[in-house]
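File shown: run-v1.txt (compact mmCIF, C-alpha atoms).
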```txt
# COMPACT_ATOMS: atom_id res chain seq x y z
CA MET A 1 14.05 45.06 5.75
CA GLY A 2 14.78 46.04 2.13
CA LEU A 3 18.46 46.68 2.95
CA LYS A 4 18.79 43.29 4.59
CA LYS A 5 17.28 41.55 1.58
CA LEU A 6 19.63 43.40 -0.75
CA ALA A 7 22.67 42.52 1.37
CA LEU A 8 21.73 38.84 1.47
CA SER A 9 21.11 38.77 -2.28
CA CYS A 10 24.48 40.37 -2.97
CA PHE A 11 26.21 37.94 -0.64
CA MET A 12 24.57 35.02 -2.40
CA LEU A 13 25.52 36.36 -5.83
CA LEU A 14 29.12 36.90 -4.72
CA LEU A 15 29.30 33.33 -3.47
CA VAL A 16 28.00 31.95 -6.76
CA LEU A 17 30.62 33.97 -8.64
CA LEU A 18 33.34 32.63 -6.35
CA ALA A 19 32.09 29.10 -6.97
CA ARG A 20 32.39 29.64 -10.70
CA THR A 21 36.03 30.60 -10.29
CA GLY A 22 36.76 27.41 -8.34
CA LEU A 23 37.24 28.92 -4.87
CA ALA A 24 34.31 26.83 -3.63
CA THR A 25 35.04 23.20 -4.50
CA GLU A 26 31.46 21.99 -4.25
CA VAL A 27 28.22 23.93 -4.62
CA GLN A 28 24.71 22.47 -4.42
CA GLY A 29 21.41 24.33 -4.57
CA ARG A 30 17.79 24.32 -5.60
CA VAL A 31 15.10 26.82 -6.51
CA LEU A 32 11.41 26.13 -5.84
CA PHE A 33 8.35 28.03 -6.99
CA GLY A 34 4.78 27.10 -6.30
CA GLY A 35 1.21 28.16 -5.78
CA TYR A 36 -1.47 27.02 -3.35
CA PHE A 37 -5.22 27.61 -3.47
CA ALA A 38 -8.26 26.52 -1.46
CA LYS A 39 -11.98 26.98 -1.98
CA GLU A 40 -14.24 26.36 1.02
CA ASN A 41 -18.04 26.24 0.88
CA PHE A 42 -19.80 26.10 4.24
CA ALA A 43 -23.32 25.06 5.12
CA ALA A 44 -25.57 27.94 6.17
CA SER A 45 -25.36 26.81 9.79
CA GLU A 46 -21.54 27.17 9.65
CA ALA A 47 -21.51 30.64 8.07
CA THR A 48 -19.18 33.25 9.55
CA GLY A 49 -20.27 36.87 9.33
CA GLY A 50 -23.04 35.85 6.94
CA SER A 51 -20.59 34.34 4.42
CA THR A 52 -20.60 30.69 3.37
CA ARG A 53 -17.37 30.93 1.36
CA ASN A 54 -13.69 31.23 2.27
CA ASP A 55 -11.39 31.21 -0.75
CA PHE A 56 -7.63 31.48 -0.49
CA ALA A 57 -4.71 31.61 -2.93
CA THR A 58 -1.04 32.43 -2.60
CA GLY A 59 2.37 31.81 -4.12
CA SER A 60 5.52 30.60 -2.45
CA GLY A 61 9.20 30.40 -3.32
CA ARG A 62 12.44 29.08 -1.92
CA LEU A 63 16.14 29.37 -2.74
CA TYR A 64 18.66 27.05 -1.12
CA LEU A 65 22.42 27.11 -1.65
CA ASN A 66 25.12 25.12 0.12
CA ALA A 67 28.83 25.56 -0.59
CA THR A 68 31.42 23.26 1.00
CA LYS A 69 35.20 22.88 0.95
CA ILE A 70 35.74 26.63 0.64
CA SER A 71 39.50 27.26 0.82
CA ASP A 72 42.03 24.78 2.11
CA ARG A 73 40.36 24.83 5.55
CA GLU A 74 37.10 23.59 4.02
CA PHE A 75 34.74 26.26 5.31
CA GLN A 76 31.03 25.92 4.54
CA PHE A 77 28.33 28.43 3.72
CA THR A 78 24.58 27.78 3.64
CA LEU A 79 21.81 30.12 2.50
CA ASP A 80 18.11 29.24 2.74
CA MET A 81 15.76 32.00 1.55
CA ARG A 82 12.04 31.29 1.66
CA ASP A 83 8.72 33.02 2.19
CA ARG A 84 7.74 33.79 5.76
CA HIS A 85 4.84 31.36 5.37
CA ASP A 86 6.57 28.40 3.76
CA PHE A 87 3.65 26.69 2.04
CA PHE A 88 5.84 23.91 0.70
CA ASP A 89 6.02 22.35 4.17
CA LYS A 90 2.83 23.56 5.86
CA LEU A 91 0.09 21.32 7.16
CA ASP A 92 -3.51 22.06 6.23
CA ARG A 93 -4.31 23.43 9.68
CA GLU A 94 -1.51 26.00 9.47
CA ARG A 95 -2.31 27.03 5.91
CA ALA A 96 -5.93 27.64 6.84
CA THR A 97 -4.89 30.28 9.41
CA LEU A 98 -2.24 32.09 7.35
CA THR A 99 -2.62 35.24 5.33
CA ALA A 100 -2.10 35.39 1.59
CA LEU A 101 0.40 38.20 2.14
CA ASN A 102 3.90 36.79 2.11
CA THR A 103 7.41 38.23 2.42
CA PRO A 104 10.81 36.61 1.81
CA GLN A 105 12.99 35.88 4.79
CA ALA A 106 16.33 34.28 5.53
CA ARG A 107 15.70 30.93 7.21
CA THR A 108 19.41 30.12 7.31
CA VAL A 109 22.45 32.29 6.58
CA VAL A 110 25.44 30.63 8.20
CA ALA A 111 29.18 30.25 7.74
CA ARG A 112 30.64 27.11 9.34
CA TYR A 113 34.03 25.66 10.10
CA PRO A 114 33.13 21.98 10.77
CA ASN A 115 36.75 20.81 11.20
CA GLU A 116 35.72 17.14 11.15
CA ASP A 117 39.31 15.92 11.52
CA GLY A 118 40.30 18.46 14.17
CA ARG A 119 39.15 19.70 17.56
CA LEU A 120 37.64 23.19 17.37
CA TYR A 121 34.58 23.97 15.21
CA PHE A 122 32.27 26.99 14.99
CA SER A 123 29.28 28.55 13.21
CA LEU A 124 28.29 32.18 12.71
CA GLY A 125 25.03 33.65 11.37
CA ARG A 126 21.39 32.55 11.53
CA PHE A 127 21.07 28.80 11.94
CA GLY A 128 19.34 26.00 13.78
CA VAL A 129 20.97 23.99 16.57
CA PRO A 130 19.50 20.47 16.18
CA GLN A 131 21.49 19.20 19.18
CA ALA A 132 19.27 21.47 21.33
CA GLY A 133 15.94 20.70 19.65
CA ALA A 134 13.81 23.27 17.85
CA VAL A 135 16.23 26.16 18.45
CA PHE A 136 17.34 28.91 16.06
CA THR A 137 19.73 31.72 16.83
CA ASP A 138 21.07 34.88 15.23
CA GLY A 139 24.47 34.39 16.78
CA ALA A 140 27.34 31.94 17.10
CA GLU A 141 28.20 28.38 18.09
CA ILE A 142 31.58 27.04 19.18
CA GLY A 143 32.43 23.45 20.05
CA LEU A 144 35.04 20.75 20.51
CA HIS A 145 35.40 17.28 19.01
CA TRP A 146 36.70 15.32 22.01
CA SER A 147 36.94 12.10 19.98
CA ASN A 148 35.46 10.52 16.87
CA ALA A 149 32.25 9.95 18.91
CA LEU A 150 31.94 12.74 21.49
CA SER A 151 31.41 16.47 20.88
CA SER A 152 30.22 19.39 22.96
CA GLY A 153 29.39 22.97 22.22
CA ILE A 154 27.90 26.24 23.40
CA PHE A 155 25.71 28.65 21.42
CA GLY A 156 24.03 31.99 21.91
CA GLY A 157 22.66 35.11 20.28
CA ARG A 158 19.36 36.76 19.45
CA ASN A 159 16.32 34.48 19.32
CA PRO A 160 14.43 34.82 16.00
CA LYS A 161 11.86 32.07 16.70
CA GLN A 162 8.76 32.14 18.86
CA ASP A 163 7.65 28.77 20.24
CA ASP A 164 4.15 29.06 18.77
CA ARG A 165 5.26 30.08 15.27
CA SER A 166 7.23 28.35 12.55
CA ASP A 167 8.57 31.47 10.80
CA LEU A 168 11.56 33.51 11.94
CA GLU A 169 11.93 37.23 12.65
CA PHE A 170 14.85 39.20 14.07
CA ASN A 171 14.02 40.36 17.60
CA PRO A 172 16.64 42.54 19.35
CA ALA A 173 14.86 42.07 22.72
CA ALA A 174 14.89 38.26 22.63
CA SER A 175 17.93 36.07 23.20
CA VAL A 176 18.74 32.37 23.45
CA PHE A 177 21.80 30.54 24.74
CA GLY A 178 22.75 27.05 25.84
CA ALA A 179 25.15 24.13 25.78
CA TYR A 180 25.00 20.56 24.48
CA LEU A 181 26.80 17.23 24.60
CA GLU A 182 26.55 14.83 21.66
CA TYR A 183 27.60 11.19 21.38
CA ALA A 184 27.53 9.91 17.78
CA PRO A 185 30.28 7.41 16.85
CA LYS A 186 31.35 7.73 13.22
CA ARG A 187 32.28 4.05 13.00
CA GLN A 188 29.87 1.43 14.36
CA LEU A 189 29.31 -2.30 13.90
CA PRO A 190 26.94 -3.39 11.09
CA GLY A 191 23.36 -3.53 12.34
CA ASN A 192 24.27 -1.54 15.45
CA ALA A 193 23.99 2.20 15.94
CA VAL A 194 23.80 4.54 18.90
CA PHE A 195 23.11 8.26 19.05
CA TRP A 196 22.51 10.54 22.04
CA THR A 197 22.40 14.28 22.57
CA GLN A 198 21.58 16.33 25.65
CA ALA A 199 21.24 20.11 25.86
CA ILE A 200 20.27 22.81 28.31
CA SER A 201 18.79 25.98 26.77
CA ALA A 202 17.48 29.30 28.08
CA LYS A 203 15.31 31.89 26.34
CA GLN A 204 15.11 35.49 27.52
CA ASN A 205 12.99 38.46 26.49
CA SER A 206 13.95 42.00 27.57
CA GLY A 207 16.23 40.50 30.19
CA HIS A 208 13.51 38.27 31.69
CA LEU A 209 14.03 34.49 31.69
CA ASP A 210 10.97 33.13 29.88
CA ARG A 211 12.02 29.52 29.52
CA LEU A 212 14.71 27.12 30.74
CA TYR A 213 14.57 23.52 29.52
CA LEU A 214 16.50 20.29 29.11
CA PHE A 215 16.42 18.52 25.73
CA GLU A 216 17.09 14.79 25.30
CA ASN A 217 17.30 12.86 22.03
CA PHE A 218 18.55 9.29 21.70
CA SER A 219 18.41 6.29 19.40
CA LEU A 220 19.72 2.77 20.04
CA THR A 221 19.67 0.24 17.23
CA LYS A 222 20.45 -3.48 17.48
CA PRO A 223 19.96 -6.19 14.83
CA SER A 224 16.46 -6.94 16.20
CA ASP A 225 15.70 -3.90 18.38
CA LEU A 226 15.18 -0.17 18.03
CA PHE A 227 14.66 2.24 20.93
CA THR A 228 14.19 5.98 20.30
CA GLY A 229 13.17 8.96 22.38
CA VAL A 230 12.82 12.73 22.25
CA ALA A 231 11.92 14.84 25.29
CA TYR A 232 11.72 18.45 26.46
CA PHE A 233 11.77 18.99 30.24
CA ASP A 234 10.88 22.56 31.23
CA PHE A 235 12.12 24.11 34.49
CA VAL A 236 11.01 27.73 33.90
CA PRO A 237 8.32 29.05 34.10
CA ARG A 238 7.47 25.79 35.91
CA PHE A 239 8.57 22.18 35.83
CA SER A 240 6.72 20.19 33.17
CA VAL A 241 7.24 17.62 30.45
CA GLN A 242 6.50 19.81 27.45
CA ASN A 243 6.89 17.17 24.74
CA LEU A 244 7.83 13.50 25.03
CA ASN A 245 8.01 10.71 22.45
CA LEU A 246 9.24 7.18 23.24
CA MET A 247 9.17 4.12 21.01
CA TYR A 248 10.50 0.56 21.30
CA GLN A 249 10.40 -1.78 18.32
CA ARG A 250 11.43 -5.42 18.16
CA ARG A 251 11.62 -7.85 15.25
CA PHE A 252 10.82 -11.27 16.68
CA PHE A 253 11.54 -13.09 13.44
CA GLU A 254 11.95 -12.16 9.80
CA GLN A 255 8.24 -11.79 9.05
CA PHE A 256 6.96 -10.32 12.33
CA GLN A 257 7.73 -7.16 14.28
CA ALA A 258 5.96 -5.13 16.97
CA SER A 259 6.36 -1.74 18.61
CA ILE A 260 5.05 0.12 21.64
CA GLY A 261 5.23 3.85 22.20
CA GLY A 262 3.99 6.81 24.15
CA ALA A 263 3.74 10.54 23.59
CA ALA A 264 2.91 13.65 25.59
CA ILE A 265 2.51 16.96 23.75
CA ASP A 266 1.70 20.50 24.84
CA VAL A 267 -0.95 22.91 23.57
CA ILE A 268 1.29 24.37 20.87
CA GLU A 269 2.19 21.00 19.37
CA TYR A 270 -1.44 19.88 19.59
CA SER A 271 -2.56 22.92 17.59
CA ARG A 272 -0.10 21.96 14.83
CA ARG A 273 -1.31 18.36 14.60
CA ARG A 274 -5.08 18.65 14.81
CA GLY A 275 -7.14 18.35 11.64
CA VAL A 276 -8.81 21.26 9.89
CA LEU A 277 -12.29 19.97 10.78
CA GLU A 278 -11.62 19.61 14.50
CA ARG A 279 -13.51 22.26 16.46
CA LEU A 280 -12.16 21.55 19.95
CA SER A 281 -9.77 24.09 21.42
CA PRO A 282 -6.10 22.98 21.67
CA SER A 283 -5.11 21.05 24.78
CA ALA A 284 -2.17 19.17 26.21
CA TYR A 285 -2.50 15.53 25.16
CA GLN A 286 -1.05 12.13 26.13
CA GLU A 287 -1.21 8.94 24.07
CA ALA A 288 0.01 5.34 24.13
CA ALA A 289 0.13 3.13 21.03
CA VAL A 290 0.89 -0.47 20.03
CA ARG A 291 1.58 -1.67 16.49
CA THR A 292 2.24 -5.11 15.03
CA GLU A 293 3.20 -5.99 11.44
CA TYR A 294 3.35 -9.37 9.73
CA GLU A 295 4.76 -9.91 6.24
CA PHE A 296 3.00 -12.81 4.55
CA ALA A 297 5.36 -12.50 1.62
CA SER A 298 7.85 -9.98 0.38
CA ILE A 299 5.01 -8.14 -1.38
CA VAL A 300 2.15 -8.29 1.18
CA SER A 301 2.04 -7.12 4.81
CA LEU A 302 -0.69 -6.76 7.43
CA GLU A 303 -0.53 -4.15 10.22
CA LEU A 304 -2.65 -3.83 13.38
CA ALA A 305 -2.48 -0.52 15.27
CA LEU A 306 -4.10 0.34 18.62
CA SER A 307 -3.92 3.69 20.43
CA HIS A 308 -5.41 5.37 23.48
CA GLY A 309 -5.14 9.09 24.25
CA ARG A 310 -6.57 11.73 26.57
CA ARG A 311 -6.91 15.51 26.41
CA GLN A 312 -5.77 17.18 29.59
CA SER A 313 -8.03 20.27 29.52
CA ASP A 314 -11.39 18.47 29.39
CA GLY A 315 -10.60 14.79 29.96
CA LEU A 316 -11.95 13.68 26.58
CA PHE A 317 -10.59 10.40 25.24
CA ARG A 318 -9.49 9.19 21.83
CA GLN A 319 -9.14 5.48 21.08
CA GLU A 320 -8.43 3.90 17.72
CA ALA A 321 -8.14 0.39 16.34
CA ALA A 322 -7.09 0.01 12.70
CA LEU A 323 -6.13 -2.83 10.38
CA LYS A 324 -4.07 -2.06 7.29
CA GLY A 325 -3.01 -4.27 4.41
CA THR A 326 -0.20 -3.16 2.10
CA PHE A 327 0.77 -4.51 -1.31
CA SER A 328 3.94 -3.74 -3.28
CA SER A 329 4.62 -5.56 -6.51
CA GLU A 330 7.83 -7.58 -6.59
CA SER A 331 7.79 -8.06 -10.34
CA TYR A 332 6.81 -4.45 -10.95
CA ARG A 333 8.31 -2.53 -8.06
CA ALA A 334 6.71 0.64 -9.32
CA LEU A 335 3.25 -0.48 -8.14
CA GLY A 336 1.81 -0.45 -4.64
CA GLY A 337 -1.41 -0.04 -2.72
CA HIS A 338 -3.08 -0.24 0.67
CA LEU A 339 -6.45 -0.81 2.32
CA ARG A 340 -7.13 0.45 5.86
CA PHE A 341 -10.26 0.30 8.01
CA GLY A 342 -11.11 0.59 11.68
CA TYR A 343 -12.96 2.27 14.54
CA ARG A 344 -12.18 5.50 16.40
CA ASN A 345 -13.64 7.08 19.52
CA ASN A 346 -12.69 10.59 18.48
CA PHE A 347 -13.28 12.77 21.59
CA THR A 348 -16.85 13.80 20.71
CA SER A 349 -17.80 11.27 18.02
CA GLN A 350 -17.77 7.56 17.26
CA ASP A 351 -16.18 6.96 13.86
CA LEU A 352 -16.00 4.09 11.42
CA PHE A 353 -13.45 4.66 8.67
CA VAL A 354 -12.07 3.02 5.57
CA GLY A 355 -9.29 4.16 3.30
CA LEU A 356 -7.61 2.87 0.18
CA GLY A 357 -4.79 4.05 -1.98
CA ALA A 358 -2.63 3.20 -4.96
CA GLU A 359 0.83 4.36 -5.98
CA TYR A 360 2.92 4.17 -9.12
CA TYR A 361 6.40 5.48 -9.72
CA SER A 362 9.11 5.18 -12.32
CA ASP A 363 12.34 7.01 -13.05
CA VAL A 364 10.42 10.05 -14.29
CA TRP A 365 6.85 9.72 -12.91
CA GLU A 366 5.13 9.51 -9.53
CA LEU A 367 1.40 9.05 -9.12
CA GLY A 368 -0.62 8.58 -5.94
CA LEU A 369 -4.38 8.21 -5.40
CA THR A 370 -6.17 7.96 -2.05
CA GLU A 371 -9.79 7.76 -0.91
CA ASP A 372 -10.88 8.04 2.71
CA PHE A 373 -14.46 7.69 3.95
CA GLN A 374 -15.85 7.98 7.49
CA ILE A 375 -19.16 7.70 9.33
CA GLN A 376 -19.05 10.01 12.36
CA LYS A 377 -21.79 9.77 15.00
CA TYR A 378 -21.56 12.70 17.42
CA HIS A 379 -22.77 12.67 21.01
CA ASP A 380 -25.46 15.23 20.11
CA THR A 381 -26.88 12.66 17.62
CA GLU A 382 -25.52 14.50 14.55
CA VAL A 383 -24.13 12.13 11.87
CA LEU A 384 -21.52 13.26 9.32
CA HIS A 385 -20.06 11.40 6.35
CA PRO A 386 -16.64 12.90 5.46
CA LEU A 387 -15.19 11.87 2.10
CA ILE A 388 -11.62 12.84 1.21
CA SER A 389 -10.22 12.31 -2.29
CA GLU A 390 -6.62 13.13 -3.18
CA ILE A 391 -4.30 12.87 -6.17
CA ASN A 392 -0.56 13.58 -6.31
CA VAL A 393 1.48 13.71 -9.51
CA ALA A 394 5.19 14.40 -9.98
CA ARG A 395 7.22 14.50 -13.18
CA TYR A 396 11.02 14.60 -13.36
CA LEU A 397 11.81 16.45 -16.56
CA SER A 398 15.55 15.92 -16.06
CA GLN A 399 18.04 15.38 -13.27
CA THR A 400 17.80 19.09 -12.50
CA LEU A 401 14.19 20.04 -13.28
CA PHE A 402 11.03 18.58 -11.78
CA THR A 403 7.41 19.55 -11.21
CA SER A 404 4.64 18.23 -8.99
CA ALA A 405 0.97 18.90 -8.36
CA SER A 406 -1.58 17.86 -5.76
CA ALA A 407 -5.34 18.21 -5.54
CA GLN A 408 -7.64 17.29 -2.68
CA TYR A 409 -11.37 17.43 -2.15
CA ALA A 410 -12.78 17.03 1.36
CA PHE A 411 -16.51 17.02 1.98
CA ASN A 412 -18.99 16.53 4.78
CA GLU A 413 -22.42 17.94 5.59
CA ARG A 414 -20.85 21.06 7.14
CA VAL A 415 -18.21 22.09 4.60
CA GLY A 416 -16.66 21.25 1.25
CA ILE A 417 -12.98 22.10 0.69
CA PHE A 418 -11.19 21.87 -2.64
CA SER A 419 -7.47 22.65 -2.50
CA GLY A 420 -4.51 22.28 -4.80
CA PHE A 421 -0.79 22.85 -5.01
CA LEU A 422 1.65 23.21 -7.90
CA LYS A 423 5.42 23.22 -7.47
CA VAL A 424 8.31 23.59 -9.93
CA GLY A 425 11.85 22.92 -8.80
CA TYR A 426 15.31 23.30 -10.30
CA ARG A 427 18.51 21.81 -8.87
CA PHE A 428 21.96 23.14 -9.66
CA GLY A 429 25.49 22.53 -8.52
CA THR A 430 28.93 21.19 -9.29
CA GLN A 431 27.83 17.58 -8.81
CA LYS A 432 25.00 15.78 -10.58
CA GLY A 433 22.74 13.59 -8.51
CA ALA A 434 19.82 11.31 -9.15
CA PRO A 435 16.42 12.95 -8.63
CA SER A 436 15.08 12.38 -5.15
CA ARG A 437 11.49 11.28 -4.71
CA ASP A 438 10.57 14.17 -2.43
CA ALA A 439 8.80 16.21 -5.09
CA THR A 440 5.29 14.94 -4.45
CA TYR A 441 3.64 17.27 -2.00
CA ARG A 442 1.22 15.35 0.21
CA LEU A 443 -1.54 17.20 1.95
CA GLU A 444 -2.26 16.24 5.54
CA ARG A 445 -5.09 13.77 6.07
CA LEU A 446 -8.11 15.45 7.61
```
For this file, write the structure as structure tokens.
Amino acid sequence: MGLKKLALSCFMLLLVLLARTGLATEVQGRVLFGGYFAKENFAASEATGGSTRNDFATGSGRLYLNATKISDREFQFTLDMRDRHDFFDKLDRERATLTALNTPQARTVVARYPNEDGRLYFSLGRFGVPQAGAVFTDGAEIGLHWSNALSSGIFGGRNPKQDDRSDLEFNPAASVFGAYLEYAPKRQLPGNAVFWTQAISAKQNSGHLDRLYLFENFSLTKPSDLFTGVAYFDFVPRFSVQNLNLMYQRRFFEQFQASIGGAAIDVIEYSRRRGVLERLSPSAYQEAAVRTEYEFASIVSLELALSHGRRQSDGLFRQEAALKGTFSSESYRALGGHLRFGYRNNFTSQDLFVGLGAEYYSDVWELGLTEDFQIQKYHDTEVLHPLISEINVARYLSQTLFTSASAQYAFNERVGIFSGFLKVGYRFGTQKGAPSRDATYRLERL
């Protein structure tokens, strides 16, 4: 592992030196450092192994570099080095199950020949294949641009990603290969857009076919309509709809729009989405939802959301009805806020909830405050009163340097959790860009 890290570091350094001499026309990159901590205090009835505490702290880092227009053929090179447990993008549920021990890994190391104006294109290294869904490979991709709208390709190599994990690790016994077809016109009429990709992928381990699936992803946009969908259809080890998301949205007139959608997720995806306080075991889950939004003025909107879902393993239901009002100042566009309340039949409890929040941002500051309170009545007559308070602050020190911090306190009669995150980022490259407002790290709502 040490030799691989050294080789990647040398490769990155060599590329930076080449960029300085002008061989790489454009170079963009960023460096992130941060730390995360959590302190959990449990009630005596929730103690594990006689302990009522569970404290956790770790650091995390990331280095991203992207070089384009290398040589007259405009090759590209991308390097993304991060910790195995990337705490910058983790949800609370994942962070709670990870170890404080962390090791750097290469998330992406890829050389590409995109050949946008030609026919043949290829990639070589470790990279994701978005046309085939959540697929990574230590291998190669080759494809053809049939027209300015239609492309197809094949890919294959070692498979560094397990379906139930978000980190990557080289595995000489695992392989992945597949093919895709993508339709994405580069020139479309204003207010109209269409995108569609279809892929067939296979994953093997020690020569055994573990999984064969079809991936579909499409989006159709009209001036008043939007229809999107993502689906995984498994054929091996058995036929099943692993994950499915469909949504149709229509704007009936300028102030009013509505949407309807449905989702079906498997056990793995359920385990990623569930809250840290949920004690039910993961299960396949299906849900349907309806949402309407009315804008009373350009600064005030009212949203009504209804949903109904069911766990497959035990047949438990989840229904929710919520009303949300949003305010954004027209005179002072840096101000905004919301108020949300509703009712939820949450599998094993009946919940009443209310939440409010306020936001402020300027060219150099971001500030967000939220408060969420619930009354949860469980079927065994237990009543809990969760209170979740959160603050997010970001400061752009310059166009290249920014910092952000988050703190959250979640409490009920079973447990109290105080957690925080600090991140410092530095952007570099041959082109200067305006700071993006992605610095504020928002913790997942419990």
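Here atom CA of A:Asn412 and atom CA of A:Leu367 stand 25.8 Å from one another.
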Problem set entry | Polymer residues at most 6 Å from A:Val109, only C-alpha atoms, same-chain spacing of 6 or more positions, as number ranges by chain | A: 78-79, 125-126
For this session: Considering all atoms listed in the file, state which residue in the set A:Ala174, A:Ala134, A:Val415, A:Val300 is at the smallest distance from A:Ala43.
Result: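 With all atoms listed in the file as the atom set, the closest residue is A:Val415.
For stretch 189-194 of chain A, the residues within 6 Å (counting all atoms listed in the file, excluding itself and residues fewer than 3 positions away along the chain) are A:Ser219, A:Leu220, A:Thr221, A:Lys222, A:Pro223.
With distances taken from (9.1, 29.3, -6.1) and restricted to all atoms listed in the file, the residues inside 9 Å are A:Val31, A:Leu32, A:Phe33, A:Gly34, A:Gly35, A:Gly59, A:Ser60, A:Gly61, A:Arg62, A:Leu63, A:Arg82, A:Lys423, A:Val424, A:Gly425.
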For this session: With a distance cut-off of 6 Å and all atoms listed in the file, select the neighbouring residues of stretch 392-403 of chain A, excluding the residue or stretch itself and same-chain residues fewer than 2 positions from it, and output the selection as a PyMOL selection string.
Result: chain A and resi 364-368+405-406+423-427+435+440
Where is the centre and how long are the edges: axis-aligned box on stretch 402-412 of chain A, 5 Å on each side, Å to one decimal, as AutoDock Vina command-line options:
```
--center_x -4.0 --center_y 18.0 --center_z -3.5 --size_x 40.0 --size_y 13.0 --size_z 26.6
```
Problem set entry | For A:Phe170, the nearest of the candidates A:Leu226, A:Gln105, A:Ala231, A:Leu356, counting all atoms listed in the file |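 Checking each of A:Leu226, A:Gln105, A:Ala231, A:Leu356 against A:Phe170, counting all atoms listed in the file, the winner is A:Gln105.
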Problem set entry | Length of the atom CA of A:Lys186 to atom CA of A:Ala67 vector [Å] |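 Rounded to one decimal, the two atoms are 22.7 Å apart.
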Exercise. So which residues are close to (-17.1, 7.0, 10.5), meaning at most 6 Å away in the file's coordinates with all atoms listed in the file counted, and can you show them as a list in words?
Worked result: Asp351, Leu352, Phe353, Gln374, Ile375 and Gln376 of chain A
Problem set entry | Nearest to A:Asp117, chosen from A:Arg73, A:Ile142, A:Leu181, A:Arg84, with only C-alpha atoms counted in the distances |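 Comparing A:Arg73, A:Ile142, A:Leu181, A:Arg84 against A:Asp117, the winner is A:Arg73.
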